[in-house]
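What's in final_28.cif: mmCIF, C-alpha atoms
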data_model
#
loop_
_atom_site.label_atom_id
_atom_site.label_comp_id
_atom_site.auth_asym_id
_atom_site.auth_seq_id
_atom_site.Cartn_x
_atom_site.Cartn_y
_atom_site.Cartn_z
CA MET L 1 37.13 -233.98 27.60
CA LYS L 2 36.56 -230.69 29.34
CA ARG L 3 33.11 -230.31 30.88
CA PRO L 4 31.92 -227.37 28.72
CA LEU L 5 33.08 -229.14 25.58
CA ARG L 6 31.22 -232.29 26.61
CA HIS L 7 28.11 -230.19 27.22
CA VAL L 8 28.38 -228.74 23.73
CA PHE L 9 28.61 -232.27 22.35
CA ASP L 10 25.58 -233.38 24.38
CA TYR L 11 23.50 -230.42 23.21
CA PHE L 12 24.60 -231.09 19.63
CA ILE L 13 23.33 -234.68 19.93
CA LEU L 14 20.02 -233.46 21.41
CA SER L 15 19.62 -230.90 18.62
CA LEU L 16 20.36 -233.62 16.08
CA PHE L 17 17.63 -235.85 17.55
CA MET L 18 15.15 -233.00 17.53
CA SER L 19 15.97 -231.94 13.95
CA PHE L 20 15.58 -235.56 12.85
CA ALA L 21 12.17 -235.69 14.57
CA ILE L 22 11.02 -232.58 12.68
CA ILE L 23 12.17 -234.05 9.36
CA LEU L 24 10.38 -237.34 10.07
CA ILE L 25 7.16 -235.54 11.05
CA LEU L 26 7.37 -233.65 7.73
CA ILE L 27 7.92 -236.86 5.76
CA PHE L 28 5.03 -238.62 7.47
CA ASN L 29 2.59 -235.72 7.18
CA GLY L 30 -0.88 -237.21 6.84
CA ASN L 31 0.11 -240.48 8.48
CA ARG L 32 -1.10 -239.87 12.02
CA THR L 33 -0.05 -243.27 13.40
CA SER L 34 3.57 -242.82 12.30
CA GLN L 35 3.60 -239.24 13.59
CA LYS L 36 2.39 -240.41 17.00
CA ILE L 37 5.17 -243.01 17.13
CA ILE L 38 7.76 -240.37 16.15
CA LEU L 39 6.48 -237.96 18.80
CA VAL L 40 6.46 -240.49 21.64
CA SER L 41 9.92 -241.74 20.61
CA THR L 42 11.23 -238.16 20.58
CA SER L 43 9.86 -237.52 24.08
CA LEU L 44 11.37 -240.76 25.37
CA LEU L 45 14.72 -239.87 23.78
CA TYR L 46 14.58 -236.47 25.47
CA VAL L 47 14.06 -238.08 28.91
CA PHE L 48 16.80 -240.60 28.16
CA TRP L 49 19.14 -237.79 27.05
CA GLY L 50 18.42 -235.92 30.31
CA ILE L 51 19.23 -238.93 32.46
CA ILE L 52 22.47 -239.70 30.60
CA HIS L 53 23.56 -236.05 30.54
CA HIS L 54 22.95 -235.45 34.26
CA ARG L 55 24.52 -238.77 35.17
CA GLN L 56 27.72 -237.82 33.32
CA ASP L 57 27.46 -234.36 34.85
CA GLY L 58 27.17 -235.81 38.35
CA SER L 59 23.93 -233.91 38.88
CA LEU L 60 21.42 -236.73 38.52
CA HIS L 61 18.69 -236.38 41.12
CA ARG L 62 15.19 -237.79 41.49
CA LYS L 63 13.79 -234.26 41.12
CA VAL L 64 15.68 -233.82 37.87
CA ILE L 65 14.32 -237.06 36.40
CA LEU L 66 10.79 -236.06 37.47
CA GLU L 67 11.26 -232.71 35.73
CA TYR L 68 12.26 -234.33 32.42
CA VAL L 69 9.44 -236.88 32.67
CA LEU L 70 6.80 -234.22 33.39
CA TYR L 71 8.03 -231.99 30.55
CA ALA L 72 7.97 -234.98 28.22
CA ILE L 73 4.41 -235.85 29.27
CA LEU L 74 3.27 -232.24 28.84
CA GLY L 75 4.98 -231.96 25.45
CA SER L 76 3.54 -235.25 24.23
CA VAL L 77 0.02 -234.37 25.41
CA LEU L 78 0.21 -230.96 23.68
CA VAL L 79 1.10 -232.47 20.31
CA LEU L 80 -0.81 -235.75 20.57
CA GLY L 81 -3.97 -233.68 21.02
CA LEU L 82 -3.47 -232.55 17.44
CA LEU L 83 -2.82 -235.97 15.90
CA MET E 1 16.62 -208.65 42.23
CA ASP E 2 14.45 -209.02 45.33
CA LEU E 3 12.99 -205.55 44.97
CA VAL E 4 12.23 -205.89 41.29
CA MET E 5 10.81 -209.41 41.40
CA ALA E 6 8.76 -209.40 44.57
CA HIS E 7 5.35 -209.42 42.88
CA PRO E 8 3.71 -212.89 43.05
CA ALA E 9 2.60 -212.72 39.41
CA LEU E 10 6.20 -212.18 38.31
CA THR E 11 7.46 -215.13 40.36
CA LEU E 12 5.34 -217.20 37.97
CA PHE E 13 7.74 -216.41 35.14
CA PHE E 14 11.06 -215.29 36.69
CA PRO E 15 13.53 -217.08 39.02
CA HIS E 16 13.59 -215.41 42.41
CA PRO E 17 14.47 -216.29 46.05
CA HIS E 18 10.72 -216.32 46.73
CA ASN E 19 10.17 -219.13 44.24
CA ASN E 20 13.33 -221.04 45.12
CA HIS E 21 15.12 -219.52 42.09
CA LYS E 22 12.84 -221.16 39.60
CA ALA E 23 9.80 -219.71 37.82
CA LYS E 24 6.69 -221.15 39.47
CA LEU E 25 5.29 -222.04 36.06
CA LEU E 26 8.14 -224.52 35.65
CA TRP E 27 7.59 -226.25 38.98
CA PRO E 28 6.51 -229.91 38.72
CA ARG E 29 3.11 -229.17 40.29
CA SER E 30 2.55 -226.36 37.76
CA ILE E 31 3.36 -228.72 34.91
CA VAL E 32 0.76 -231.17 36.24
CA ILE E 33 -1.78 -228.31 36.45
CA LEU E 34 -0.91 -227.26 32.88
CA ILE E 35 -1.51 -230.83 31.66
CA GLY E 36 -4.91 -230.78 33.37
CA LEU E 37 -5.80 -227.35 31.98
CA PHE E 38 -4.82 -228.40 28.47
CA ILE E 39 -6.95 -231.56 28.62
CA MET E 40 -9.91 -229.58 30.00
CA GLY E 41 -9.59 -226.98 27.24
CA ARG E 42 -9.35 -229.66 24.58
CA SER E 43 -12.47 -231.31 25.92
CA ILE E 44 -14.34 -228.01 25.63
CA VAL E 45 -13.13 -227.64 22.03
CA ASP E 46 -14.24 -231.19 21.21
CA ILE E 47 -17.64 -230.65 22.80
CA THR E 48 -18.04 -227.39 20.85
CA ILE E 49 -17.24 -229.20 17.61
CA GLY E 50 -19.87 -231.82 18.45
CA LEU E 51 -22.50 -229.27 19.44
CA LEU E 52 -22.05 -227.00 16.44
CA PRO E 53 -21.94 -229.27 13.41
CA GLY E 54 -20.86 -227.38 10.34
CA VAL E 55 -19.50 -224.38 12.20
CA LEU E 56 -16.11 -226.03 12.30
CA GLY E 57 -14.96 -227.95 9.31
CA TYR E 58 -12.65 -228.46 6.41
CA ALA E 59 -13.85 -229.00 2.87
CA SER E 60 -11.85 -229.21 -0.30
CA GLN E 61 -12.50 -229.94 -3.91
CA ILE E 62 -10.16 -232.54 -5.32
CA ASP E 63 -10.11 -233.74 -8.89
CA PRO E 64 -10.37 -237.57 -8.85
CA ALA E 65 -8.71 -237.68 -12.28
CA LYS E 66 -5.70 -235.88 -10.85
CA VAL E 67 -5.40 -238.46 -8.06
CA ILE E 68 -5.34 -241.20 -10.70
CA GLU E 69 -2.84 -239.26 -12.82
CA ILE E 70 -0.41 -238.81 -9.89
CA THR E 71 -0.94 -242.42 -8.82
CA ASN E 72 -0.05 -243.61 -12.30
CA SER E 73 2.92 -241.28 -12.39
CA GLU E 74 4.24 -242.95 -9.22
CA ARG E 75 3.60 -246.39 -10.72
CA LEU E 76 5.39 -245.49 -13.96
CA ASN E 77 8.34 -244.12 -11.96
CA ALA E 78 8.51 -247.48 -10.18
CA GLY E 79 8.54 -249.27 -13.55
CA LEU E 80 4.96 -250.55 -13.24
CA ALA E 81 2.06 -250.40 -15.65
CA ALA E 82 -0.53 -247.67 -15.20
CA VAL E 83 -3.93 -248.60 -13.76
CA ARG E 84 -7.10 -247.94 -15.77
CA LEU E 85 -10.16 -246.20 -14.43
CA ASP E 86 -12.90 -248.80 -13.96
CA GLU E 87 -16.50 -247.67 -13.66
CA ASP E 88 -17.48 -250.52 -11.32
CA LEU E 89 -14.56 -249.80 -8.96
CA ASN E 90 -15.51 -246.14 -9.12
CA GLN E 91 -19.04 -247.04 -8.00
CA ALA E 92 -17.58 -249.20 -5.21
CA ALA E 93 -15.44 -246.29 -4.02
CA LEU E 94 -18.44 -243.95 -4.11
CA ALA E 95 -20.55 -246.47 -2.16
CA LYS E 96 -17.78 -246.81 0.45
CA ALA E 97 -17.48 -243.02 0.88
CA ALA E 98 -21.28 -242.66 1.17
CA ASP E 99 -21.37 -245.51 3.71
CA MET E 100 -18.72 -243.81 5.87
CA PHE E 101 -20.78 -240.62 6.01
CA ALA E 102 -24.08 -242.47 6.49
CA ASN E 103 -22.73 -244.56 9.38
CA ASN E 104 -20.36 -241.91 10.72
CA TYR E 105 -17.10 -243.82 10.69
CA TRP E 106 -13.58 -243.46 9.34
CA ALA E 107 -12.17 -246.94 8.87
CA HIS E 108 -11.61 -249.72 6.36
CA VAL E 109 -14.24 -251.87 8.04
CA SER E 110 -17.60 -250.34 9.01
CA PRO E 111 -18.97 -250.59 12.59
CA GLN E 112 -21.42 -253.16 11.20
CA GLY E 113 -18.48 -255.22 9.97
CA THR E 114 -18.85 -254.40 6.27
CA GLU E 115 -15.49 -254.86 4.58
CA PRO E 116 -14.33 -252.86 1.53
CA TRP E 117 -14.65 -255.97 -0.64
CA SER E 118 -18.38 -255.99 -0.05
CA PHE E 119 -18.70 -252.67 -1.94
CA ILE E 120 -16.53 -253.98 -4.77
CA THR E 121 -18.58 -257.15 -5.14
CA THR E 122 -21.88 -255.23 -4.98
CA SER E 123 -20.67 -252.91 -7.75
CA GLY E 124 -20.33 -255.93 -10.03
CA TYR E 125 -16.52 -255.90 -10.22
CA LYS E 126 -15.23 -259.48 -10.03
CA TYR E 127 -11.77 -259.30 -8.56
CA GLN E 128 -8.81 -261.56 -8.04
CA HIS E 129 -6.91 -259.04 -5.92
CA ALA E 130 -8.18 -255.82 -4.39
CA GLY E 131 -6.93 -253.02 -2.17
CA GLU E 132 -8.19 -249.82 -0.59
CA ASN E 133 -6.52 -246.56 0.46
CA LEU E 134 -8.35 -243.83 2.34
CA ALA E 135 -7.60 -240.14 2.89
CA ARG E 136 -9.46 -237.21 4.41
CA ASP E 137 -9.14 -233.46 4.84
CA PHE E 138 -6.39 -232.89 2.27
CA SER E 139 -6.42 -229.76 0.16
CA ASN E 140 -4.85 -231.17 -3.00
CA PRO E 141 -4.27 -234.53 -4.75
CA ARG E 142 -0.47 -234.26 -4.66
CA ASP E 143 -0.41 -234.20 -0.84
CA ILE E 144 -2.73 -237.21 -0.70
CA VAL E 145 -0.54 -239.37 -2.93
CA ALA E 146 2.60 -238.09 -1.15
CA ALA E 147 1.11 -239.16 2.22
CA TRP E 148 0.22 -242.59 0.83
CA MET E 149 3.72 -242.94 -0.63
CA ALA E 150 5.25 -242.07 2.76
CA SER E 151 3.35 -244.89 4.42
CA PRO E 152 4.83 -248.35 3.67
CA THR E 153 1.45 -250.11 3.79
CA HIS E 154 -0.30 -247.63 1.50
CA LYS E 155 2.71 -247.47 -0.81
CA LYS E 156 2.60 -251.25 -1.13
CA ASN E 157 -1.00 -250.96 -2.30
CA LEU E 158 -0.26 -248.08 -4.65
CA LEU E 159 2.72 -249.81 -6.23
CA ASP E 160 1.28 -253.31 -6.39
CA ALA E 161 2.13 -254.72 -9.83
CA ARG E 162 -0.93 -257.00 -9.75
CA TYR E 163 -3.49 -254.19 -9.90
CA LYS E 164 -4.88 -253.31 -13.30
CA ASP E 165 -7.87 -251.10 -12.44
CA ILE E 166 -8.60 -248.19 -10.17
CA GLY E 167 -11.69 -246.45 -8.80
CA ILE E 168 -11.73 -243.11 -7.02
CA ALA E 169 -14.36 -241.28 -5.01
CA VAL E 170 -14.07 -237.80 -3.53
CA MET E 171 -16.98 -236.91 -1.29
CA ASP E 172 -17.81 -234.06 1.01
CA GLY E 173 -19.93 -234.59 4.11
CA TYR E 174 -19.98 -234.57 7.89
CA LEU E 175 -18.21 -236.96 10.28
CA ASN E 176 -18.87 -236.42 13.99
CA GLY E 177 -20.36 -233.06 13.11
CA VAL E 178 -17.24 -231.86 11.34
CA GLU E 179 -17.24 -231.04 7.64
CA THR E 180 -14.89 -233.45 5.94
CA THR E 181 -13.75 -234.42 2.46
CA ILE E 182 -13.06 -238.13 2.08
CA VAL E 183 -11.07 -239.73 -0.73
CA VAL E 184 -11.50 -243.45 -1.37
CA GLN E 185 -9.05 -245.16 -3.71
CA MET E 186 -9.79 -248.74 -4.72
CA PHE E 187 -7.52 -251.01 -6.72
CA GLY E 188 -8.44 -254.26 -8.38
CA THR E 189 -7.27 -257.05 -10.60
CA PRO E 190 -10.21 -258.44 -12.59
CA GLN E 191 -10.68 -262.18 -12.54
CA SER E 192 -10.62 -262.27 -16.35
CA SER E 193 -7.04 -260.99 -16.49
CA VAL E 194 -5.80 -263.92 -14.43
CA ALA E 195 -8.23 -266.51 -15.72
CA ARG E 196 -5.45 -268.65 -17.06
CA ILE E 197 -3.59 -268.62 -13.75
CA ALA E 198 -4.67 -271.53 -11.59
CA SER E 199 -5.29 -270.06 -8.17
CA ASP E 200 -8.01 -270.65 -5.64
CA THR E 201 -6.86 -268.03 -3.17
CA VAL E 202 -8.26 -264.57 -3.29
CA ASP E 203 -5.84 -262.03 -1.91
CA ALA E 204 -8.24 -259.43 -0.71
CA LYS E 205 -6.59 -258.05 2.36
CA PRO E 206 -6.88 -254.30 2.72
CA VAL E 207 -3.92 -252.16 3.49
CA GLN E 208 -4.78 -250.65 6.83
CA ALA E 209 -2.64 -248.08 8.55
CA SER E 210 -4.99 -248.24 11.49
CA GLU E 211 -7.86 -250.43 12.54
CA LYS E 212 -9.38 -247.89 14.85
CA VAL E 213 -13.05 -247.24 14.13
CA ILE E 214 -14.28 -243.79 15.04
CA VAL E 215 -17.97 -243.82 15.88
CA GLU E 216 -19.50 -241.23 18.12
CA LYS E 217 -22.96 -240.26 16.92
CA PRO E 218 -25.04 -240.33 13.77
CA ALA E 219 -23.54 -238.18 11.06
CA VAL E 220 -25.25 -235.22 9.48
CA LEU E 221 -25.32 -236.64 5.98
CA GLU E 222 -24.83 -234.00 3.36
CA ALA E 223 -22.46 -235.95 1.19
CA LYS E 224 -22.03 -234.99 -2.41
CA SER E 225 -19.83 -236.07 -5.24
CA VAL E 226 -17.04 -233.71 -6.11
CA SER E 227 -16.22 -232.96 -9.69
CA ALA E 228 -13.13 -231.60 -11.35
CA GLY E 229 -11.01 -228.80 -9.96
CA GLU E 230 -8.56 -228.42 -7.11
CA LYS E 231 -9.83 -225.17 -5.75
CA ILE E 232 -10.51 -225.22 -2.03
CA ILE E 233 -14.19 -224.70 -1.28
CA PRO E 234 -14.64 -221.94 1.29
CA SER E 235 -15.45 -223.96 4.39
CA ALA E 236 -18.41 -223.21 6.62
CA GLY E 237 -16.08 -222.38 9.49
CA ILE E 238 -12.53 -222.63 10.74
CA SER E 239 -10.70 -225.91 10.63
CA PRO E 240 -10.83 -227.94 13.88
CA LEU E 241 -7.13 -228.61 13.33
CA ASP E 242 -6.34 -224.89 13.39
CA LEU E 243 -8.35 -224.45 16.57
CA THR E 244 -6.63 -227.29 18.41
CA ARG E 245 -3.26 -226.22 16.98
CA SER E 246 -3.73 -222.72 18.42
CA TRP E 247 -4.66 -224.16 21.82
CA SER E 248 -1.55 -226.37 21.89
CA LEU E 249 0.70 -223.58 20.58
CA ALA E 250 -0.51 -221.22 23.33
CA PHE E 251 0.77 -223.65 25.95
CA VAL E 252 4.06 -224.23 24.14
CA VAL E 253 4.68 -220.48 23.78
CA LEU E 254 3.92 -219.96 27.48
CA ILE E 255 6.43 -222.65 28.48
CA LEU E 256 9.00 -221.35 26.00
CA PHE E 257 8.68 -217.86 27.46
CA ALA E 258 9.09 -219.07 31.06
CA LEU E 259 12.05 -221.27 30.05
CA SER E 260 13.73 -218.39 28.17
CA MET E 261 13.39 -216.10 31.20
CA ASP E 262 14.68 -218.87 33.45
CA TRP E 263 17.67 -219.46 31.17
CA LEU E 264 18.53 -215.75 31.01
CA PHE E 265 18.28 -215.25 34.78
CA VAL E 266 20.28 -218.36 35.63
CA LEU E 267 22.96 -217.18 33.21
CA ARG E 268 22.90 -213.60 34.47
CA TYR E 269 22.93 -214.35 38.21
CA ASN E 270 24.88 -217.64 38.14
CA ILE E 271 22.13 -219.40 40.06
CA ILE E 272 23.10 -222.88 41.24
CA ARG E 273 20.18 -225.28 41.93
CA ILE E 274 19.06 -228.85 41.52
CA SER E 275 17.26 -228.72 38.21
CA GLY E 276 17.18 -230.04 34.67
CA LYS E 277 19.00 -228.17 31.91
CA THR E 278 16.89 -225.25 30.75
CA TRP E 279 18.61 -225.21 27.35
CA ALA E 280 17.59 -228.85 26.82
CA HIS E 281 13.98 -228.06 27.76
CA LEU E 282 14.06 -225.09 25.38
CA THR E 283 15.33 -227.32 22.56
CA TYR E 284 12.57 -229.86 23.25
CA PHE E 285 9.74 -227.32 23.37
CA ALA E 286 11.07 -225.40 20.36
CA THR E 287 10.96 -228.73 18.48
CA LEU E 288 7.37 -229.26 19.60
CA ALA E 289 6.48 -225.75 18.42
CA ALA E 290 7.98 -226.56 15.00
CA ILE E 291 6.08 -229.86 14.88
CA LEU E 292 2.80 -228.14 15.77
CA ILE E 293 3.35 -225.66 12.95
CA ILE E 294 4.30 -228.20 10.26
CA ILE E 295 1.56 -230.74 10.94
CA LYS E 296 -0.73 -230.50 7.93
CA GLN E 297 -4.44 -230.94 7.60
CA GLY E 298 -5.32 -234.35 6.26
CA MET E 299 -4.86 -237.95 7.27
CA ILE E 300 -4.69 -241.31 5.61
CA LEU E 301 -5.91 -244.74 6.57
#

Starting from the coordinates I provided, produce the structure as structure tokens.
Amino acid sequence: MKRPLRHVFDYFILSLFMSFAIILILIFNGNRTSQKIILVSTSLLYVFWGIIHHRQDGSLHRKVILEYVLYAILGSVLVLGLL
Amino acid sequence: MDLVMAHPALTLFFPHPHNNHKAKLLWPRSIVILIGLFIMGRSIVDITIGLLPGVLGYASQIDPAKVIEITNSERLNAGLAAVRLDEDLNQAALAKAADMFANNYWAHVSPQGTEPWSFITTSGYKYQHAGENLARDFSNPRDIVAAWMASPTHKKNLLDARYKDIGIAVMDGYLNGVETTIVVQMFGTPQSSVARIASDTVDAKPVQASEKVIVEKPAVLEAKSVSAGEKIIPSAGISPLDLTRSWSLAFVVLILFALSMDWLFVLRYNIIRISGKTWAHLTYFATLAAILIIIKQGMIL
């Protein structure tokens, strides 16, 4: 698979995860516990996606992992504050 | 690029040789600072809510009969018999709602250890099976029942074939200084209806989505029963949810802006660097923005 095509596939998978998360949050509106689980799972998936993607890309670096982890923590804190 | 982007304030948002080709706002240390700032801001909001009881709040007027009607509609759709309104269960639900406001908690079991069954027994309802669903801060009955139906534990209670009776209380009051409307739904199977069934076990376990008990300080008790009608009562102030939502959204928009600029500049100037994929970060934060927008007022327990 050509690199750009693989990237498109990877981004498609990420978008799919994220769309699924939005749908689940909508379904579980009112159920704060479930929404927290969905949010944390989404953030973990995002970090996991980053690691897999950069590993396949040959660009996996400690700094890159730290970046994904920090963004995931920030994102989770921003939304968890509402739940 | 150097000439245009030399200002330190701009290096906060735009990739530049002076910021190692990455907006300073997106640096790991900036993210840590943003997390700290967000938590500090949230603490201020929470303290404000505590200090100004009634200024922030969310009150609604929900028709208890409508909650029963939708509940029965769900039961009929599932092929079950409808539950009947029972005056004793209604009194039990009212007592539970009043107790939550009086003792400032939001839980199935009170901080003093009083279980829901205590209210049912005190009301005079003799039960074989009983269950309790709780909801707060919803604006209409349909959303309440929809939230219960989306939760497996609450749905199990709602669609339990053993229940024959129902009691509903809708009460407005203050929890932790915030105006709140609580809905208590109690189900029961009277002992008389199963008198001929030999059983010495009383299945009285509540359906609990969470066991967390929220107790902070004595509540300002201004609880009142709510009668018919679904019209939203004009609240004393803005909803705490809207305030915290705005605070979170401000941070998400800031990050989205910095990421968009970063993405455009990297694309425009073919910048090569050790970094995560900006498009992936954009997707993640755009998702969070959508989640922040769609989260509705109201929660169940």

Considering all atoms listed in the file, tabulate each residue of chain E that lies at most 6 Å from chain L along with its nearest interatomic pair and the corresponding distance in Å to one decimal; arrange the rows by chain and ascending residue number and present them as CSV.
residue,atom,partner,partner_atom,distance
E:Ile35,CA,L:Leu74,CA,5.7
E:Ala147,CA,L:Gly30,CA,5.4
E:Ala150,CA,L:Phe28,CA,5.8
E:Ser248,CA,L:Leu78,CA,5.2
E:Ser275,CA,L:Val64,CA,5.3
E:Gly276,CA,L:Val64,CA,5.2
E:Gly298,CA,L:Gly30,CA,5.3
E:Met299,CA,L:Gly30,CA,4.1
E:Ile300,CA,L:Asn31,CA,5.7

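Take the candidates E:Ala81, E:Pro141, E:Val252, E:Asn176 and check each one against Asp46 (chain E) using only C-alpha atoms; the shortest distance goes to E:Asn176.
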
Go ahead and fit an axis-aligned box to every listed atom of region 56-66 of chain L plus 5 Å each side, and pass me the centre and edge lengths in Å, one decimal, as JSON.
{"center_x": 19.3, "center_y": -235.8, "center_z": 37.4, "size_x": 26.9, "size_y": 14.0, "size_z": 18.2}

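With CA of Phe101 (chain E) on one side and CA of Gln185 (chain E) on the other, the separation reads 15.9 Å.
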
For this session: Give me the residues within 12 Å of Leu259 (chain E) as a PyMOL selection string, counting all atoms listed in the file and dropping any in the same chain fewer than 2 places off.
Result: (chain L and resi 71) or (chain E and resi 12-15+22-27+252-257+261-266+276-286)

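Here CA of Gly173 (chain E) is placed at a distance of 19.5 Å from CA of Met186 (chain E).
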
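In this model, the gap between CA of His129 (chain E) and CA of Gly188 (chain E) comes to 5.6 Å.
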